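Trainee: Structure file structure_24.cif (mmCIF, C-alpha atoms) right here:
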data_run
#
loop_
_atom_site.label_atom_id
_atom_site.label_comp_id
_atom_site.auth_asym_id
_atom_site.auth_seq_id
_atom_site.Cartn_x
_atom_site.Cartn_y
_atom_site.Cartn_z
CA MET A 12 -28.50 -10.82 2.82
CA GLN A 13 -28.11 -7.73 0.71
CA ASN A 14 -30.84 -6.00 2.64
CA THR A 15 -29.50 -6.89 6.08
CA ARG A 16 -26.04 -5.77 5.11
CA ARG A 17 -27.31 -2.41 4.02
CA LYS A 18 -29.16 -1.92 7.27
CA VAL A 19 -26.18 -2.89 9.35
CA LEU A 20 -23.92 -0.56 7.42
CA LYS A 21 -26.38 2.26 7.78
CA ALA A 22 -26.75 1.69 11.51
CA GLY A 23 -23.07 1.54 12.35
CA GLY A 24 -20.70 2.68 9.67
CA GLY A 25 -16.97 3.12 10.06
CA MET A 26 -13.99 0.88 9.75
CA THR A 27 -14.41 -1.08 12.98
CA LEU A 28 -17.79 -2.39 12.06
CA TYR A 29 -16.53 -3.12 8.60
CA ALA A 30 -13.63 -5.09 10.04
CA LEU A 31 -16.08 -7.10 12.16
CA LEU A 32 -18.20 -7.83 9.15
CA VAL A 33 -15.17 -8.98 7.21
CA ALA A 34 -14.09 -11.17 10.11
CA ALA A 35 -17.55 -12.68 10.27
CA GLY A 36 -17.35 -13.37 6.56
CA TRP A 37 -20.23 -11.05 5.72
CA LEU A 38 -18.29 -8.88 3.39
CA LYS A 39 -15.59 -9.78 0.98
CA PRO A 40 -12.44 -7.68 1.28
CA GLY A 41 -12.18 -5.45 -1.75
CA ASP A 42 -15.81 -4.34 -1.68
CA ALA A 43 -15.98 -0.94 -3.26
CA ALA A 44 -16.30 1.64 -0.51
CA ALA A 45 -14.06 0.31 2.21
CA GLN A 46 -11.85 -2.68 2.75
CA ALA A 47 -9.95 -4.64 5.34
CA TRP A 48 -6.55 -3.81 6.70
CA ASN A 49 -4.38 -6.77 7.60
CA LYS A 50 -3.72 -5.71 11.20
CA SER A 51 -1.74 -8.73 12.31
CA ALA A 52 0.58 -8.55 9.30
CA PHE A 53 1.21 -4.81 9.64
CA GLU A 54 1.78 -4.99 13.39
CA ALA A 55 4.13 -7.97 13.20
CA LYS A 56 7.59 -6.93 14.31
CA SER A 57 9.85 -9.28 12.42
CA LEU A 58 10.00 -10.22 8.79
CA ASP A 59 9.05 -13.85 9.47
CA GLU A 60 6.03 -12.89 11.59
CA ALA A 61 4.84 -10.46 8.95
CA LEU A 62 5.17 -13.06 6.22
CA LYS A 63 3.31 -15.62 8.31
CA ALA A 64 0.49 -13.20 9.13
CA PHE A 65 0.32 -12.30 5.46
CA GLY A 66 -0.12 -15.98 4.64
CA ALA A 67 3.16 -16.31 2.79
CA GLY A 68 4.81 -19.09 4.74
CA SER A 69 7.11 -20.05 1.95
CA SER A 70 8.15 -18.04 -1.06
CA ALA A 71 10.43 -18.80 -3.96
CA GLN A 72 13.21 -16.43 -4.96
CA SER A 73 12.37 -15.04 -8.34
CA LYS A 74 14.38 -13.26 -11.00
CA ASP A 75 11.15 -11.98 -12.54
CA ILE A 76 10.78 -9.35 -9.84
CA ALA A 77 12.83 -6.23 -10.37
CA PHE A 78 13.51 -3.10 -8.37
CA VAL A 79 13.32 -0.02 -10.57
CA SER A 80 14.31 3.52 -9.69
CA THR A 81 15.33 2.28 -6.27
CA PRO A 82 18.62 3.62 -4.88
CA ASP A 83 21.50 1.52 -3.50
CA ILE A 84 22.24 4.20 -0.97
CA ALA A 85 19.52 6.37 0.52
CA GLU A 86 20.82 9.56 2.06
CA ASN A 87 17.59 10.21 3.90
CA GLY A 88 15.81 7.20 5.39
CA ALA A 89 12.59 9.21 5.74
CA VAL A 90 12.02 9.17 2.00
CA VAL A 91 13.29 6.16 0.09
CA PRO A 92 11.82 5.67 -3.37
CA ILE A 93 10.92 2.06 -4.11
CA GLY A 94 9.73 0.78 -7.46
CA ILE A 95 8.82 -2.84 -8.02
CA THR A 96 7.85 -4.58 -11.22
CA SER A 97 6.86 -8.20 -11.60
CA SER A 98 6.85 -10.10 -14.86
CA ILE A 99 5.28 -13.18 -13.27
CA PRO A 100 2.00 -13.97 -15.02
CA LYS A 101 -1.19 -13.49 -12.97
CA THR A 102 0.42 -11.22 -10.40
CA GLU A 103 -2.32 -10.51 -7.86
CA ALA A 104 -0.50 -8.54 -5.20
CA ILE A 105 2.82 -6.88 -4.50
CA ALA A 106 4.03 -6.26 -0.95
CA ILE A 107 7.00 -4.23 0.27
CA LEU A 108 8.80 -5.36 3.42
CA VAL A 109 11.74 -3.65 5.10
CA GLU A 110 13.54 -6.22 7.24
CA LYS A 111 14.97 -3.93 9.92
CA ASN A 112 12.05 -1.56 10.37
CA PRO A 113 10.13 -1.68 13.69
CA SER A 114 7.37 -3.42 11.75
CA ALA A 115 8.58 -5.11 8.60
CA LEU A 116 5.53 -4.81 6.34
CA ALA A 117 5.33 -1.41 4.65
CA ALA A 118 2.63 -1.83 2.03
CA VAL A 119 0.48 -4.27 0.11
CA PHE A 120 -0.82 -3.44 -3.34
CA GLU A 121 -3.60 -5.55 -4.77
CA ILE A 122 -3.30 -5.58 -8.52
CA ALA A 123 -6.64 -5.77 -10.32
CA PRO A 124 -6.71 -7.66 -13.64
CA GLY A 125 -5.71 -5.17 -16.33
CA THR A 126 -3.48 -3.22 -13.98
CA GLU A 127 0.22 -3.56 -14.70
CA PRO A 128 2.18 -5.31 -11.94
CA ALA A 129 4.45 -2.33 -11.46
CA ILE A 130 4.16 0.14 -8.63
CA GLY A 131 6.21 2.98 -7.28
CA THR A 132 6.06 4.61 -3.88
CA ARG A 133 8.25 6.03 -1.13
CA VAL A 134 8.94 4.37 2.21
CA LYS A 135 10.68 5.16 5.48
CA MET A 136 13.66 3.09 6.58
CA ALA A 137 15.02 3.07 10.12
CA GLN A 138 18.47 1.86 9.09
CA THR A 139 20.40 0.02 6.39
CA SER A 140 18.39 -3.08 5.61
CA ASN A 141 17.29 -5.58 3.06
CA VAL A 142 14.09 -4.59 1.31
CA TYR A 143 11.92 -7.45 0.12
CA ALA A 144 9.44 -7.41 -2.70
CA LEU A 145 6.89 -10.14 -2.19
CA VAL A 146 4.69 -11.03 -5.13
CA LYS A 147 1.58 -13.17 -5.00
CA ALA A 148 0.82 -14.70 -8.38
CA ASP A 149 -1.73 -17.41 -9.09
CA GLY A 150 -1.89 -18.25 -5.37
CA LYS A 151 1.88 -18.69 -4.98
CA TYR A 152 4.41 -16.37 -3.40
CA TYR A 153 7.66 -15.12 -4.92
CA ALA A 154 10.24 -12.83 -3.41
CA ALA A 155 13.22 -10.69 -4.33
CA ALA A 156 15.53 -8.71 -2.08
CA LYS A 157 17.70 -5.65 -2.38
CA GLU A 158 19.93 -4.07 0.22
CA ILE A 159 19.54 -0.32 0.63
CA LYS A 160 22.11 1.54 2.70
CA VAL A 161 20.70 4.34 4.79
CA THR A 162 22.92 7.17 5.97
CA LEU A 163 20.25 8.91 8.07
CA GLY A 164 17.38 6.92 9.64
CA GLY A 165 13.75 7.78 9.02
CA CYS A 166 12.17 6.56 12.25
CA GLY A 167 12.62 7.56 15.87
CA GLY A 168 13.02 11.07 17.24
CA MET Q 12 -4.27 15.15 -3.33
CA LYS Q 13 -2.39 15.90 -6.51
CA ILE Q 14 -3.34 13.39 -9.16
CA ARG Q 15 -1.92 13.17 -12.63
CA ALA Q 16 -3.25 10.59 -15.07
CA THR Q 17 -1.88 10.42 -18.58
CA VAL Q 18 -2.28 8.02 -21.47
CA VAL Q 19 1.03 6.31 -22.32
CA GLY Q 20 0.68 4.00 -25.32
CA ASP Q 21 -2.17 1.61 -24.55
CA SER Q 22 -2.00 2.22 -20.80
CA THR Q 23 -2.82 5.00 -18.41
CA GLU Q 24 -0.18 6.11 -15.96
CA VAL Q 25 -1.45 7.41 -12.64
CA ARG Q 26 0.75 9.41 -10.28
CA VAL Q 27 -0.58 10.60 -6.95
CA LEU Q 28 0.83 12.78 -4.24
CA MET Q 29 -1.21 12.79 -1.06
CA SER Q 30 -0.85 15.14 1.81
CA HIS Q 31 -0.68 13.27 5.12
CA GLU Q 32 1.55 13.28 8.19
CA MET Q 33 2.06 9.49 8.22
CA GLU Q 34 3.09 9.56 11.88
CA THR Q 35 4.70 6.25 12.83
CA GLY Q 36 3.87 6.08 16.52
CA GLN Q 37 7.60 5.68 17.18
CA ARG Q 38 8.51 9.32 17.59
CA LYS Q 39 8.42 11.34 20.79
CA ASP Q 40 7.57 15.00 21.23
CA ALA Q 41 9.61 17.58 23.20
CA GLN Q 42 8.09 16.35 26.49
CA GLY Q 43 9.11 12.79 25.75
CA LYS Q 44 5.56 11.63 25.11
CA VAL Q 45 5.00 9.23 22.25
CA ILE Q 46 3.23 10.86 19.32
CA PRO Q 47 0.38 8.48 18.44
CA ALA Q 48 0.46 6.76 15.08
CA TRP Q 49 -1.57 8.48 12.39
CA PHE Q 50 -1.31 7.07 8.91
CA ILE Q 51 -3.21 6.11 5.79
CA GLN Q 52 -4.30 2.47 5.89
CA ASN Q 53 -6.24 2.00 2.69
CA VAL Q 54 -6.08 3.50 -0.75
CA VAL Q 55 -8.47 2.66 -3.57
CA VAL Q 56 -8.02 3.87 -7.12
CA ALA Q 57 -10.99 3.52 -9.45
CA HIS Q 58 -11.14 4.07 -13.19
CA ASN Q 59 -14.65 5.03 -14.32
CA GLY Q 60 -16.00 3.48 -11.12
CA LYS Q 61 -14.11 0.19 -11.46
CA PRO Q 62 -11.30 -0.42 -8.92
CA VAL Q 63 -7.88 -0.78 -10.57
CA LEU Q 64 -5.66 -0.71 -7.50
CA ASN Q 65 -6.25 -1.47 -3.85
CA ALA Q 66 -3.49 -0.71 -1.40
CA GLN Q 67 -3.02 -1.39 2.29
CA TRP Q 68 -0.35 0.74 3.92
CA GLY Q 69 1.54 0.58 7.17
CA THR Q 70 3.39 3.29 9.05
CA ALA Q 71 6.52 2.82 6.92
CA ILE Q 72 5.12 4.74 3.97
CA ALA Q 73 6.85 8.12 3.82
CA LYS Q 74 5.18 11.37 4.84
CA ASN Q 75 3.07 12.93 2.06
CA PRO Q 76 2.80 9.58 0.25
CA PHE Q 77 3.59 9.16 -3.40
CA LEU Q 78 2.16 6.40 -5.54
CA SER Q 79 2.55 5.60 -9.20
CA PHE Q 80 1.26 2.74 -11.32
CA LYS Q 81 -0.21 1.98 -14.73
CA PHE Q 82 -3.30 0.18 -15.88
CA LYS Q 83 -4.24 -1.02 -19.33
CA GLY Q 84 -6.82 0.90 -21.29
CA GLY Q 85 -8.16 4.26 -20.33
CA ALA Q 86 -8.72 7.20 -22.61
CA LYS Q 87 -8.68 10.96 -22.38
CA GLY Q 88 -11.59 12.22 -20.37
CA ASP Q 89 -12.00 9.05 -18.29
CA LYS Q 90 -12.57 9.58 -14.59
CA ILE Q 91 -9.97 8.54 -12.01
CA GLU Q 92 -11.16 8.54 -8.43
CA ILE Q 93 -8.85 8.00 -5.47
CA THR Q 94 -9.95 7.47 -1.90
CA TRP Q 95 -7.83 7.03 1.20
CA VAL Q 96 -8.86 6.09 4.73
CA ASP Q 97 -6.53 6.60 7.68
CA ASN Q 98 -6.35 4.85 11.05
CA ARG Q 99 -8.50 7.57 12.64
CA GLY Q 100 -11.24 6.78 10.16
CA GLU Q 101 -10.75 10.03 8.28
CA LYS Q 102 -11.41 9.80 4.61
CA ARG Q 103 -10.63 11.79 1.52
CA THR Q 104 -11.72 11.28 -2.05
CA ASP Q 105 -10.41 13.24 -4.99
CA GLU Q 106 -10.95 12.76 -8.67
CA THR Q 107 -9.41 13.84 -11.91
CA VAL Q 108 -9.81 13.15 -15.58
CA VAL Q 109 -7.25 11.37 -17.72
CA GLY Q 110 -5.36 13.94 -19.77
#
Kindly transcribe the structure held in the file into structure tokens.

Mentor:
Amino acid sequence: MQNTRRKVLKAGGGMTLYALLVAAGWLKPGDAAAQAWNKSAFEAKSLDEALKAFGAGSSAQSKDIAFVSTPDIAENGAVVPIGITSSIPKTEAIAILVEKNPSALAAVFEIAPGTEPAIGTRVKMAQTSNVYALVKADGKYYAAAKEIKVTLGGCGG
Amino acid sequence: MKIRATVVGDSTEVRVLMSHEMETGQRKDAQGKVIPAWFIQNVVVAHNGKPVLNAQWGTAIAKNPFLSFKFKGGAKGDKIEITWVDNRGEKRTDETVVG
């Protein structure tokens, strides 16, 4: 198995082949060099579709997820700082979803054991919208929402 | 990539600023043609060779992406290596030492 995999990787290389291998179950996502990208979830247009593609059919509202250094009003939708912390034990992943963006899912962060479930980044927002923090912990999904008002949109020309 | 990794108490705080267009595929140029999407899809952060954070990004991450997080442990002189891969298959790896 190990040997074949090496040969295949050497022969082809690149993300496409990797994606095929993942699909075929040859490689586990998270393998060191490269990893899968959840195409269906990122290309889903609506919030519900994105959640479904992500595998989070149902999620419980949680008070243990907090938005930190996240503004209530963003003057420039092209750069909106988002910080999310989770105090739910065994947090495995944190996702950021912007409800009214052309595609809702913005990012997924997989939290390795030993890494604190707190991340900060900057996203684009097309318009005023609810921003959802989705947390996967111990196989279950939890969510929290915050409305951010946008005075100038960050998408479109 | 600008990477800053500092020890804070018993954790290491990592802050990264990457340089990337993060084109959404929604915008049009002066001729009205759609500018194709071009964005970072995967980011891996490793501490002394062991992955501490794996991220998948969509087009909604802002231009010149910023990322900050903390992991437990880490000491001065440890190696932090960050790799991103974009949707064109371009790759960049940069490393720094914890200061």

Trainee: Of the candidates A:Lys63, A:Lys101, A:Lys56, A:Lys135, which one gets nearest to Q:Ala73 if we count all atoms listed in the file?

Mentor: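 Ranking A:Lys63, A:Lys101, A:Lys56, A:Lys135 by distance to Q:Ala73, first place goes to A:Lys135.
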
Trainee: Could you list, as a list of chain:residue names, every residue within 6 Å of stretch 57-70 of chain Q, counting all atoms listed in the file and ignoring same-chain residues fewer than 4 positions away?

Mentor: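 Surrounding residues, per the criterion: A:Phe53, A:Ala117, A:Ala118, A:Val119, A:Phe120, A:Glu121, A:Ile122, A:Ala123, Q:Thr35, Q:Gln52, Q:Asn53, Q:Lys90, Q:Ile91, Q:Glu92.
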
Trainee: Near stretch 77-83 of chain Q, counting only C-alpha atoms, which residues have an atom at most 7 Å away, once you skip same-chain residues fewer than 5 positions from it, shown as a list in words?

Mentor: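 Using only C-alpha atoms, the neighbours found are Gly125, Thr126, Glu127, Ala129, Ile130, Gly131, Thr132 and Arg133 of chain A; Asp21, Ser22, Thr23, Glu24, Val25, Arg26, Val27, Leu28 and Met29 of chain Q.
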
Trainee: Once the PyMOL selection byres ((chain A and resi 57-62) around 12) is applied to the coordinates I shared, what remains selected? I want it as an NGL selection string.

Mentor: (:A and (49-56 or 63-70 or 106-119 or 140-147 or 152-154)) or (:Q and (69))

Trainee: Between A:Ser80, A:Ile105, A:Ile93, A:Val161, which has the minimum distance to A:Thr139 (counting all atoms listed in the file)?

Mentor: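 Ranking A:Ser80, A:Ile105, A:Ile93, A:Val161 by distance to A:Thr139, first place goes to A:Val161.
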
Trainee: Starting from the block above, write stretch 29-41 of chain Q out to a file with N, CA and C atoms, as a short mmCIF file (atom, residue, chain, number, x, y, z; two decimals), in the first residue's frame, please.

Mentor:
data_model
loop_
_atom_site.label_atom_id
_atom_site.label_comp_id
_atom_site.auth_asym_id
_atom_site.auth_seq_id
_atom_site.Cartn_x
_atom_site.Cartn_y
_atom_site.Cartn_z
N MET Q 29 -0.22 36.67 4.85
CA MET Q 29 0.21 36.11 3.57
C MET Q 29 -0.07 37.14 2.49
N SER Q 30 0.65 37.00 1.41
CA SER Q 30 0.43 37.94 0.33
C SER Q 30 -0.22 37.17 -0.82
N HIS Q 31 -1.51 37.45 -1.06
CA HIS Q 31 -2.23 36.74 -2.12
C HIS Q 31 -3.42 37.58 -2.55
N GLU Q 32 -3.73 37.55 -3.83
CA GLU Q 32 -4.83 38.35 -4.37
C GLU Q 32 -6.19 37.95 -3.81
N MET Q 33 -6.42 36.65 -3.60
CA MET Q 33 -7.71 36.14 -3.13
C MET Q 33 -8.85 36.68 -4.01
N GLU Q 34 -8.72 36.44 -5.31
CA GLU Q 34 -9.74 36.90 -6.26
C GLU Q 34 -10.96 36.00 -6.14
N THR Q 35 -12.15 36.61 -6.06
CA THR Q 35 -13.35 35.82 -5.74
C THR Q 35 -13.96 35.11 -6.94
N GLY Q 36 -13.69 35.60 -8.14
CA GLY Q 36 -14.39 35.04 -9.29
C GLY Q 36 -15.73 35.73 -9.50
N GLN Q 37 -16.00 36.76 -8.69
CA GLN Q 37 -17.27 37.50 -8.81
C GLN Q 37 -17.05 38.83 -9.53
N ARG Q 38 -15.80 39.29 -9.52
CA ARG Q 38 -15.55 40.63 -10.04
C ARG Q 38 -15.37 40.61 -11.55
N LYS Q 39 -15.61 41.77 -12.17
CA LYS Q 39 -15.40 41.89 -13.61
C LYS Q 39 -14.34 42.95 -13.88
N ASP Q 40 -13.60 42.75 -14.98
CA ASP Q 40 -12.59 43.75 -15.32
C ASP Q 40 -13.22 44.86 -16.15
N ALA Q 41 -12.40 45.80 -16.66
CA ALA Q 41 -12.91 46.97 -17.37
C ALA Q 41 -13.71 46.57 -18.62
#
